[in-house]
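Student: Following this line is target19.cif, made up of mmCIF, C-alpha atoms:
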data_model
loop_
_atom_site.label_atom_id
_atom_site.label_comp_id
_atom_site.auth_asym_id
_atom_site.auth_seq_id
_atom_site.Cartn_x
_atom_site.Cartn_y
_atom_site.Cartn_z
CA MET A 1 26.95 -21.56 61.73
CA ILE A 2 23.74 -19.61 62.31
CA TYR A 3 24.74 -16.01 63.03
CA GLU A 4 21.85 -13.67 63.74
CA GLU A 5 21.34 -10.31 65.40
CA ILE A 6 18.06 -10.37 67.32
CA PRO A 7 16.59 -7.32 69.09
CA ILE A 8 15.51 -8.09 72.64
CA GLY A 9 13.76 -4.88 73.66
CA ASP A 10 16.55 -2.30 73.68
CA ALA A 11 19.19 -5.03 73.91
CA LEU A 12 20.82 -7.01 71.11
CA LEU A 13 21.36 -10.77 71.06
CA ARG A 14 24.02 -12.10 68.68
CA THR A 15 23.85 -15.84 68.14
CA TYR A 16 26.68 -18.24 67.29
CA ILE A 17 24.83 -21.49 66.58
CA LEU A 18 26.75 -24.50 65.32
CA SER A 19 25.27 -26.17 62.26
CA ASN A 20 24.15 -29.80 62.20
CA TYR A 21 25.27 -32.26 59.53
CA SER A 22 23.68 -35.56 58.52
CA GLU A 23 27.16 -37.08 58.37
CA ILE A 24 27.53 -36.44 62.11
CA ASP A 25 24.12 -35.92 63.72
CA ALA A 26 21.36 -34.09 61.86
CA GLY A 27 19.26 -33.72 65.01
CA ARG A 28 21.90 -32.64 67.52
CA ARG A 29 20.56 -30.33 70.24
CA ARG A 30 23.39 -28.61 72.07
CA ALA A 31 23.69 -26.80 75.38
CA PHE A 32 23.44 -23.03 74.93
CA ILE A 33 25.59 -20.44 76.70
CA MET A 34 24.17 -16.92 77.04
CA ILE A 35 27.17 -14.60 77.51
CA CYS A 36 26.84 -11.29 79.37
CA PRO A 37 29.99 -9.16 78.90
CA GLY A 38 31.27 -6.96 81.72
CA GLY A 39 31.77 -3.22 81.79
CA ALA A 40 30.59 -1.92 85.20
CA TYR A 41 27.03 -1.52 83.84
CA ARG A 42 28.53 1.36 81.82
CA PHE A 43 29.15 -0.56 78.58
CA CYS A 44 29.45 -4.14 77.30
CA SER A 45 33.06 -5.15 76.72
CA ASN A 46 33.87 -6.72 73.37
CA ARG A 47 36.78 -8.54 75.01
CA GLU A 48 34.22 -10.71 76.80
CA ALA A 49 31.91 -11.24 73.86
CA GLU A 50 32.56 -12.85 70.47
CA ALA A 51 35.93 -14.39 71.36
CA VAL A 52 34.33 -16.16 74.32
CA ALA A 53 31.47 -17.40 72.13
CA ILE A 54 33.89 -18.81 69.57
CA ARG A 55 35.94 -20.46 72.33
CA PHE A 56 32.88 -22.26 73.68
CA ASN A 57 31.72 -23.11 70.15
CA SER A 58 35.02 -24.99 69.88
CA LEU A 59 34.01 -27.02 72.94
CA GLY A 60 30.66 -27.95 71.37
CA TYR A 61 28.28 -25.32 72.74
CA ASN A 62 25.87 -23.00 70.99
CA CYS A 63 26.35 -19.44 72.21
CA GLY A 64 24.75 -16.05 72.26
CA VAL A 65 26.15 -12.70 73.38
CA LEU A 66 23.68 -10.31 74.96
CA PHE A 67 24.52 -6.63 74.62
CA TYR A 68 22.21 -5.47 77.39
CA SER A 69 21.23 -1.93 78.37
CA THR A 70 23.79 0.00 80.39
CA ASN A 71 23.96 3.28 82.28
CA HIS A 72 25.91 5.94 80.37
CA ASP A 73 25.57 8.66 83.01
CA GLU A 74 28.80 10.61 83.42
CA TYR A 75 30.88 9.36 86.38
CA ASN A 76 30.85 11.78 89.28
CA VAL A 77 32.40 11.89 92.71
CA GLY A 78 29.05 11.61 94.46
CA ASN A 79 28.12 8.42 92.57
CA VAL A 80 24.79 9.95 91.62
CA TYR A 81 23.29 8.04 88.71
CA SER A 82 19.89 7.31 87.29
CA THR A 83 18.41 3.90 88.21
CA LEU A 84 19.07 1.14 85.66
CA PHE A 85 17.66 -1.88 87.52
CA PRO A 86 15.80 -4.03 86.49
CA LYS A 87 16.13 -3.26 82.77
CA PRO A 88 19.22 -5.43 82.03
CA LEU A 89 17.68 -8.28 84.04
CA ASP A 90 14.41 -7.97 82.11
CA GLU A 91 16.41 -8.20 78.88
CA LEU A 92 18.41 -11.24 79.97
CA ALA A 93 15.24 -13.01 81.12
CA ALA A 94 13.63 -12.26 77.75
CA ALA A 95 16.72 -13.46 75.86
CA VAL A 96 16.78 -16.79 77.71
CA ALA A 97 13.05 -17.18 77.11
CA TYR A 98 13.60 -16.46 73.40
CA VAL A 99 16.25 -19.17 73.12
CA ARG A 100 14.14 -21.71 75.00
CA SER A 101 11.05 -20.90 72.93
CA ASN A 102 13.03 -21.22 69.70
CA SER A 103 15.26 -24.08 70.82
CA GLU A 104 14.38 -26.37 67.90
CA SER A 105 15.38 -23.88 65.20
CA LEU A 106 18.47 -22.97 67.25
CA ASN A 107 19.61 -26.63 67.52
CA THR A 108 19.48 -26.18 71.29
CA ASP A 109 18.44 -28.39 74.20
CA PRO A 110 15.92 -26.26 76.15
CA ASN A 111 17.00 -27.96 79.39
CA LYS A 112 20.65 -26.98 78.99
CA ILE A 113 20.75 -23.19 78.95
CA VAL A 114 23.62 -21.50 80.80
CA ALA A 115 23.86 -17.87 81.90
CA MET A 116 27.51 -16.82 81.78
CA GLY A 117 28.75 -13.41 82.85
CA PHE A 118 31.91 -11.42 83.43
CA SER A 119 32.31 -8.83 86.20
CA ALA A 120 29.12 -6.71 86.07
CA GLY A 121 27.84 -9.18 83.48
CA GLY A 122 28.49 -11.84 86.12
CA HIS A 123 26.26 -9.87 88.46
CA LEU A 124 23.60 -9.84 85.75
CA ALA A 125 23.85 -13.58 85.09
CA ALA A 126 23.79 -14.35 88.82
CA SER A 127 20.81 -12.00 89.24
CA LEU A 128 18.82 -14.13 86.82
CA GLY A 129 20.03 -17.22 88.66
CA VAL A 130 18.48 -16.00 91.91
CA MET A 131 15.51 -14.03 90.52
CA TRP A 132 14.28 -16.01 87.50
CA CYS A 133 11.11 -16.98 89.39
CA HIS A 134 9.84 -13.43 88.83
CA TYR A 135 9.84 -14.14 85.08
CA GLY A 136 8.72 -17.78 84.90
CA GLU A 137 10.17 -21.11 83.81
CA LEU A 138 10.98 -19.98 80.25
CA SER A 139 13.60 -17.61 81.68
CA LYS A 140 15.21 -20.10 84.05
CA PRO A 141 18.95 -20.73 83.52
CA ASN A 142 19.86 -24.38 84.09
CA ALA A 143 23.36 -23.44 85.22
CA LEU A 144 25.54 -20.39 85.85
CA VAL A 145 29.15 -19.66 84.90
CA LEU A 146 30.40 -16.55 86.71
CA CYS A 147 33.74 -14.98 85.84
CA TYR A 148 35.20 -12.59 88.44
CA PRO A 149 31.62 -11.49 89.20
CA VAL A 150 30.33 -8.46 91.05
CA ILE A 151 28.12 -9.96 93.77
CA THR A 152 27.69 -7.78 96.83
CA SER A 153 26.46 -4.24 97.46
CA GLY A 154 28.11 -4.27 100.89
CA PRO A 155 31.54 -3.04 102.03
CA LEU A 156 33.39 -5.09 99.36
CA ALA A 157 31.18 -3.92 96.51
CA HIS A 158 32.44 -2.71 93.16
CA VAL A 159 30.94 0.68 93.84
CA GLU A 160 30.63 1.93 90.27
CA SER A 161 28.77 -1.19 89.08
CA ILE A 162 26.33 -1.13 91.97
CA ARG A 163 25.73 2.62 91.80
CA ARG A 164 25.18 2.58 88.05
CA LEU A 165 22.64 -0.19 88.60
CA VAL A 166 20.63 1.17 91.54
CA GLY A 167 21.20 4.90 91.04
CA THR A 168 19.66 6.92 93.83
CA ASN A 169 17.25 4.14 94.82
CA GLU A 170 18.89 3.00 98.06
CA ALA A 171 16.02 0.59 98.69
CA LEU A 172 17.43 -1.65 95.94
CA LEU A 173 20.81 -2.22 97.61
CA ASP A 174 19.75 -5.34 99.52
CA LYS A 175 17.98 -6.78 96.48
CA VAL A 176 21.09 -6.53 94.27
CA SER A 177 23.38 -7.96 96.98
CA LEU A 178 23.11 -11.42 95.50
CA GLU A 179 24.69 -13.43 98.31
CA LYS A 180 21.47 -12.61 100.19
CA GLN A 181 19.18 -13.91 97.44
CA VAL A 182 20.35 -17.53 97.02
CA SER A 183 17.74 -20.24 97.64
CA LYS A 184 18.15 -24.00 97.73
CA ASP A 185 15.21 -24.75 95.45
CA ASP A 186 15.65 -22.14 92.72
CA THR A 187 19.33 -21.19 92.29
CA PRO A 188 20.98 -23.35 89.60
CA PRO A 189 24.35 -25.17 89.81
CA THR A 190 27.17 -22.67 89.52
CA PHE A 191 30.78 -22.53 88.37
CA ILE A 192 32.75 -19.47 89.56
CA TRP A 193 36.29 -18.34 88.96
CA THR A 194 38.26 -15.27 89.95
CA THR A 195 41.76 -14.21 90.96
CA ARG A 196 43.10 -13.49 94.43
CA THR A 197 44.86 -10.38 93.10
CA ASP A 198 41.78 -8.78 91.50
CA GLN A 199 42.07 -5.12 92.51
CA SER A 200 38.71 -4.04 91.01
CA VAL A 201 36.22 -6.63 92.25
CA PRO A 202 37.62 -8.24 95.42
CA TYR A 203 37.69 -12.03 95.23
CA GLU A 204 35.61 -12.11 98.40
CA ASN A 205 32.59 -11.29 96.20
CA SER A 206 32.88 -14.77 94.72
CA VAL A 207 33.55 -16.33 98.11
CA MET A 208 30.34 -14.80 99.50
CA PHE A 209 28.29 -16.33 96.70
CA VAL A 210 30.03 -19.69 97.03
CA ARG A 211 29.28 -19.79 100.75
CA ALA A 212 25.64 -18.89 100.16
CA LEU A 213 25.37 -21.68 97.56
CA GLU A 214 27.01 -24.19 99.89
CA CYS A 215 24.73 -23.21 102.78
CA ASN A 216 21.76 -23.90 100.51
CA ASN A 217 23.17 -27.18 99.14
CA VAL A 218 23.39 -25.80 95.60
CA PRO A 219 26.09 -27.57 93.54
CA VAL A 220 29.05 -25.22 93.09
CA ARG A 221 32.62 -25.41 91.85
CA PHE A 222 35.00 -22.56 92.65
CA LYS A 223 38.39 -21.87 91.09
CA LEU A 224 40.53 -19.18 92.72
CA TYR A 225 43.61 -18.36 90.68
CA GLU A 226 46.58 -16.98 92.59
CA GLU A 227 47.61 -14.51 89.89
CA GLY A 228 46.01 -12.23 87.35
CA GLY A 229 44.01 -9.05 87.79
CA HIS A 230 40.53 -8.10 86.65
CA GLY A 231 38.87 -8.30 83.25
CA LEU A 232 40.98 -11.21 82.03
CA SER A 233 38.39 -12.74 79.72
CA LEU A 234 40.11 -15.76 78.12
CA GLY A 235 43.54 -14.64 79.31
CA THR A 236 44.88 -14.90 75.74
CA GLN A 237 46.44 -12.45 73.30
CA GLU A 238 43.27 -12.69 71.19
CA VAL A 239 41.41 -10.51 73.69
CA TYR A 240 44.28 -8.13 74.55
CA ASP A 241 46.07 -5.43 72.61
CA ALA A 242 49.82 -5.63 71.98
CA SER A 243 50.64 -3.80 75.21
CA ARG A 244 49.12 -6.45 77.45
CA THR A 245 50.67 -9.81 78.28
CA PRO A 246 48.53 -12.98 78.23
CA VAL A 247 47.80 -14.56 81.62
CA LYS A 248 48.55 -18.23 81.05
CA ALA A 249 47.56 -19.21 84.58
CA VAL A 250 43.86 -18.64 83.90
CA GLN A 251 43.62 -19.95 80.34
CA ASP A 252 42.22 -23.31 81.43
CA TRP A 253 39.01 -21.90 82.89
CA PRO A 254 36.88 -22.73 79.81
CA GLU A 255 37.82 -26.40 80.12
CA LEU A 256 37.09 -26.32 83.86
CA ALA A 257 33.70 -24.75 83.21
CA ASP A 258 33.01 -27.30 80.48
CA SER A 259 33.88 -30.16 82.83
CA PHE A 260 31.45 -28.78 85.41
CA LEU A 261 28.65 -28.31 82.89
CA VAL A 262 29.09 -31.82 81.49
CA GLU A 263 28.85 -33.13 85.04
CA VAL A 264 25.66 -31.11 85.66
CA PHE A 265 23.98 -31.86 82.31
CA GLY A 266 25.36 -35.34 81.67
CA SER A 267 26.61 -34.22 78.24
CA ARG A 268 26.82 -31.12 76.04
CA TYR A 269 24.11 -32.57 73.74
#
Re-express the file's structure as structure tokens.
Tutor:
Amino acid sequence: MIYEEIPIGDALLRTYILSNYSEIDAGRRRAFIMICPGGAYRFCSNREAEAVAIRFNSLGYNCGVLFYSTNHDEYNVGNVYSTLFPKPLDELAAAVAYVRSNSESLNTDPNKIVAMGFSAGGHLAASLGVMWCHYGELSKPNALVLCYPVITSGPLAHVESIRRLVGTNEALLDKVSLEKQVSKDDTPPTFIWTTRTDQSVPYENSVMFVRALECNNVPVRFKLYEEGGHGLSLGTQEVYDASRTPVKAVQDWPELADSFLVEVFGSRY
């Protein structure tokens, strides 16, 4: 495995690149998954980082975890924060461009790069999916995998995530309401999953994005689990402490995402 820590501006990219072997295929070029952990744009959760990368390594993917810039302003009742946007998006765009530009040394197929995100990280990944044109083809994700994502800045918004992102710049609210930014020619195929009982980011966030994708004839697959709350990650004990019970109902989502990506790409490599 090629494990590296690569500065991307003020962000950090950690790579988990599977090695090639002449006994198997010395020239194998795998799909790459860029993982954006959640954390309400306040921090990047380790529960949605390395363990997820290792899980998708086991399915045959190269992975990277992007620890992007977040807003550490103290929470306050008035939701008054400094403006973070577009810094995390700039960093994600640069990280994808880095992987595509260095795809040969990273054993990666430059046409099979996935932006995956959890919660606020899902908002970040989806933001690149609908706004990559501002950065150019090198930053284009070929597919999205969104896990209980923050999507809207409207009435069903996860207020803390949105406010930490836009701060006092109200003019940005429409721009970061991603269901309004989907386009049929530019938004990549998308896999989304969430839970009906998510009390932090209402499942309707995902439904809004799914409907926007469908209206624009963008390939989408949506899995709505009937149980489980927010921040489930893999749903396994590996990502929980001893006080939290695994959520078996959602543990198949990596295989479902893999099935979708294989359908989109034709193969993992």
Student: Suppose a student applies the PyMOL selection byres ((chain A and resi 107) around 8) to this structure; what residues should they get, written as a PDB file with C-alpha atoms, in the frame of the given file?
Tutor:
ATOM      1  CA  ILE A  17      24.830 -21.490  66.580  1.00  0.00           C
ATOM      2  CA  LEU A  18      26.750 -24.500  65.320  1.00  0.00           C
ATOM      3  CA  SER A  19      25.270 -26.170  62.260  1.00  0.00           C
ATOM      4  CA  ASN A  20      24.150 -29.800  62.200  1.00  0.00           C
ATOM      5  CA  GLY A  27      19.260 -33.720  65.010  1.00  0.00           C
ATOM      6  CA  ARG A  28      21.900 -32.640  67.520  1.00  0.00           C
ATOM      7  CA  ARG A  29      20.560 -30.330  70.240  1.00  0.00           C
ATOM      8  CA  ARG A  30      23.390 -28.610  72.070  1.00  0.00           C
ATOM      9  CA  SER A 103      15.260 -24.080  70.820  1.00  0.00           C
ATOM     10  CA  GLU A 104      14.380 -26.370  67.900  1.00  0.00           C
ATOM     11  CA  SER A 105      15.380 -23.880  65.200  1.00  0.00           C
ATOM     12  CA  LEU A 106      18.470 -22.970  67.250  1.00  0.00           C
ATOM     13  CA  THR A 108      19.480 -26.180  71.290  1.00  0.00           C
ATOM     14  CA  ASP A 109      18.440 -28.390  74.200  1.00  0.00           C
TER      15      ASP A 109
END
Student: Please determine, counting only C-alpha atoms, which residue among A:His72, A:Arg221, A:Arg100, A:Lys248 has the shortest atom-to-atom distance to Ile113 (chain A).
Tutor: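 Between A:His72, A:Arg221, A:Arg100, A:Lys248, the residue approaching Ile113 (chain A) most closely is A:Arg100.
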Student: When the PyMOL selection byres ((chain A and resi 167) around 6) is applied to the file above, which residues end up in the set, as a ChimeraX atom specification?
Tutor: /A:81-83,163-166,168-169
Student: Residue by residue, what does the PyMOL selection byres ((chain A and resi 235) around 6) grab here? Present the result as a PDB file with C-alpha atoms, in the coordinates of the input.
Tutor:
ATOM      1  CA  LEU A 232      40.980 -11.210  82.030  1.00  0.00           C
ATOM      2  CA  SER A 233      38.390 -12.740  79.720  1.00  0.00           C
ATOM      3  CA  LEU A 234      40.110 -15.760  78.120  1.00  0.00           C
ATOM      4  CA  THR A 236      44.880 -14.900  75.740  1.00  0.00           C
ATOM      5  CA  PRO A 246      48.530 -12.980  78.230  1.00  0.00           C
ATOM      6  CA  VAL A 247      47.800 -14.560  81.620  1.00  0.00           C
ATOM      7  CA  GLN A 251      43.620 -19.950  80.340  1.00  0.00           C
TER       8      GLN A 251
END
Student: Taking into account all atoms listed in the file, which residue in the set A:Thr197, A:Asn71, A:Thr190, A:Ile33 is nearest to Arg55 (chain A)?
Tutor: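 Of A:Thr197, A:Asn71, A:Thr190, A:Ile33, the one nearest Arg55 (chain A) is A:Ile33, counting all atoms listed in the file.
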Student: Between CA of Ser259 (chain A) and CA of Leu59 (chain A), measure the distance and give it in Å to one decimal.
Tutor: 10.4 Å
Student: For Asn62 (chain A), which of A:Tyr269, A:Pro254, A:Glu263, A:Ala171 is the closest residue, counting only C-alpha atoms?
Tutor: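 Closest residue, counting only C-alpha atoms: A:Tyr269.
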Student: Leu261 (chain A): which residues within 12 Å, counting all atoms listed in the file, same-chain residues fewer than 3 positions away excluded, as a PyMOL selection string?
Tutor: chain A and resi 31-33+56+59-61+112-116+142-145+188-192+219-221+254-258+264-269
Student: I need the residues from that last selection saved to file as an mmCIF file, in the frame of the given file (with C-alpha atoms), if you can.
Tutor:
data_model
loop_
_atom_site.group_PDB
_atom_site.id
_atom_site.type_symbol
_atom_site.label_atom_id
_atom_site.label_comp_id
_atom_site.auth_asym_id
_atom_site.auth_seq_id
_atom_site.Cartn_x
_atom_site.Cartn_y
_atom_site.Cartn_z
ATOM 1 C CA ALA A 31 23.690 -26.800 75.380
ATOM 2 C CA PHE A 32 23.440 -23.030 74.930
ATOM 3 C CA ILE A 33 25.590 -20.440 76.700
ATOM 4 C CA PHE A 56 32.880 -22.260 73.680
ATOM 5 C CA LEU A 59 34.010 -27.020 72.940
ATOM 6 C CA GLY A 60 30.660 -27.950 71.370
ATOM 7 C CA TYR A 61 28.280 -25.320 72.740
ATOM 8 C CA LYS A 112 20.650 -26.980 78.990
ATOM 9 C CA ILE A 113 20.750 -23.190 78.950
ATOM 10 C CA VAL A 114 23.620 -21.500 80.800
ATOM 11 C CA ALA A 115 23.860 -17.870 81.900
ATOM 12 C CA MET A 116 27.510 -16.820 81.780
ATOM 13 C CA ASN A 142 19.860 -24.380 84.090
ATOM 14 C CA ALA A 143 23.360 -23.440 85.220
ATOM 15 C CA LEU A 144 25.540 -20.390 85.850
ATOM 16 C CA VAL A 145 29.150 -19.660 84.900
ATOM 17 C CA PRO A 188 20.980 -23.350 89.600
ATOM 18 C CA PRO A 189 24.350 -25.170 89.810
ATOM 19 C CA THR A 190 27.170 -22.670 89.520
ATOM 20 C CA PHE A 191 30.780 -22.530 88.370
ATOM 21 C CA ILE A 192 32.750 -19.470 89.560
ATOM 22 C CA PRO A 219 26.090 -27.570 93.540
ATOM 23 C CA VAL A 220 29.050 -25.220 93.090
ATOM 24 C CA ARG A 221 32.620 -25.410 91.850
ATOM 25 C CA PRO A 254 36.880 -22.730 79.810
ATOM 26 C CA GLU A 255 37.820 -26.400 80.120
ATOM 27 C CA LEU A 256 37.090 -26.320 83.860
ATOM 28 C CA ALA A 257 33.700 -24.750 83.210
ATOM 29 C CA ASP A 258 33.010 -27.300 80.480
ATOM 30 C CA VAL A 264 25.660 -31.110 85.660
ATOM 31 C CA PHE A 265 23.980 -31.860 82.310
ATOM 32 C CA GLY A 266 25.360 -35.340 81.670
ATOM 33 C CA SER A 267 26.610 -34.220 78.240
ATOM 34 C CA ARG A 268 26.820 -31.120 76.040
ATOM 35 C CA TYR A 269 24.110 -32.570 73.740
#
Student: Is there a way to complete region 166-177 of chain A with all heavy atoms and then write that out as a short mmCIF file (atom, residue, chain, number, x, y, z; two decimals), keeping the file's coordinate frame?
Tutor:
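Ended up saving to part-v7.cif:
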data_model
loop_
_atom_site.label_atom_id
_atom_site.label_comp_id
_atom_site.auth_asym_id
_atom_site.auth_seq_id
_atom_site.Cartn_x
_atom_site.Cartn_y
_atom_site.Cartn_z
N VAL A 166 21.73 0.76 90.66
CA VAL A 166 20.63 1.17 91.54
C VAL A 166 20.38 2.67 91.50
O VAL A 166 19.30 3.12 91.91
CB VAL A 166 20.85 0.71 92.99
CG1 VAL A 166 21.08 -0.78 93.05
CG2 VAL A 166 21.99 1.47 93.66
N GLY A 167 21.36 3.45 91.05
CA GLY A 167 21.20 4.90 91.04
C GLY A 167 20.96 5.45 92.42
O GLY A 167 21.63 5.08 93.39
N THR A 168 19.97 6.29 92.54
CA THR A 168 19.66 6.92 93.83
C THR A 168 18.65 6.11 94.65
O THR A 168 18.25 6.54 95.73
CB THR A 168 19.10 8.33 93.61
OG1 THR A 168 17.95 8.24 92.76
CG2 THR A 168 20.15 9.24 92.96
N ASN A 169 18.25 4.96 94.13
CA ASN A 169 17.25 4.14 94.82
C ASN A 169 17.93 3.23 95.84
O ASN A 169 18.22 2.06 95.56
CB ASN A 169 16.45 3.32 93.80
CG ASN A 169 15.23 2.66 94.42
OD1 ASN A 169 15.12 2.56 95.64
ND2 ASN A 169 14.32 2.20 93.58
N GLU A 170 18.19 3.75 97.01
CA GLU A 170 18.89 3.00 98.06
C GLU A 170 18.13 1.75 98.48
O GLU A 170 18.73 0.79 98.97
CB GLU A 170 19.11 3.90 99.28
CG GLU A 170 19.93 5.15 99.00
CD GLU A 170 21.40 4.84 98.81
OE1 GLU A 170 21.91 3.92 99.48
OE2 GLU A 170 22.04 5.51 97.99
N ALA A 171 16.83 1.74 98.28
CA ALA A 171 16.02 0.59 98.69
C ALA A 171 16.38 -0.66 97.90
O ALA A 171 16.06 -1.78 98.32
CB ALA A 171 14.53 0.90 98.51
N LEU A 172 17.07 -0.50 96.76
CA LEU A 172 17.43 -1.65 95.94
C LEU A 172 18.73 -2.32 96.39
O LEU A 172 19.06 -3.41 95.90
CB LEU A 172 17.59 -1.21 94.48
CG LEU A 172 16.32 -0.86 93.72
CD1 LEU A 172 16.67 -0.31 92.35
CD2 LEU A 172 15.42 -2.09 93.59
N LEU A 173 19.48 -1.71 97.28
CA LEU A 173 20.81 -2.22 97.61
C LEU A 173 20.77 -3.65 98.12
O LEU A 173 21.59 -4.49 97.72
CB LEU A 173 21.49 -1.30 98.62
CG LEU A 173 21.99 0.03 98.05
CD1 LEU A 173 22.51 0.94 99.17
CD2 LEU A 173 23.10 -0.22 97.01
N ASP A 174 19.84 -3.97 99.01
CA ASP A 174 19.75 -5.34 99.52
C ASP A 174 19.37 -6.32 98.41
O ASP A 174 19.90 -7.43 98.35
CB ASP A 174 18.74 -5.43 100.66
CG ASP A 174 19.40 -5.31 102.02
OD1 ASP A 174 20.64 -5.13 102.06
OD2 ASP A 174 18.70 -5.37 103.03
N LYS A 175 18.47 -5.89 97.54
CA LYS A 175 17.98 -6.78 96.48
C LYS A 175 19.11 -7.16 95.53
O LYS A 175 19.16 -8.30 95.04
CB LYS A 175 16.85 -6.10 95.71
CG LYS A 175 16.15 -7.02 94.71
CD LYS A 175 14.96 -6.33 94.08
CE LYS A 175 14.16 -7.27 93.19
NZ LYS A 175 13.47 -8.31 93.95
N VAL A 176 20.02 -6.24 95.24
CA VAL A 176 21.09 -6.53 94.27
C VAL A 176 22.35 -7.05 94.96
O VAL A 176 23.37 -7.25 94.30
CB VAL A 176 21.42 -5.29 93.41
CG1 VAL A 176 20.18 -4.81 92.68
CG2 VAL A 176 22.04 -4.16 94.23
N SER A 177 22.29 -7.29 96.27
CA SER A 177 23.38 -7.96 96.98
C SER A 177 23.07 -9.46 96.92
O SER A 177 22.33 -10.01 97.74
CB SER A 177 23.45 -7.47 98.43
OG SER A 177 24.74 -7.66 98.97
#
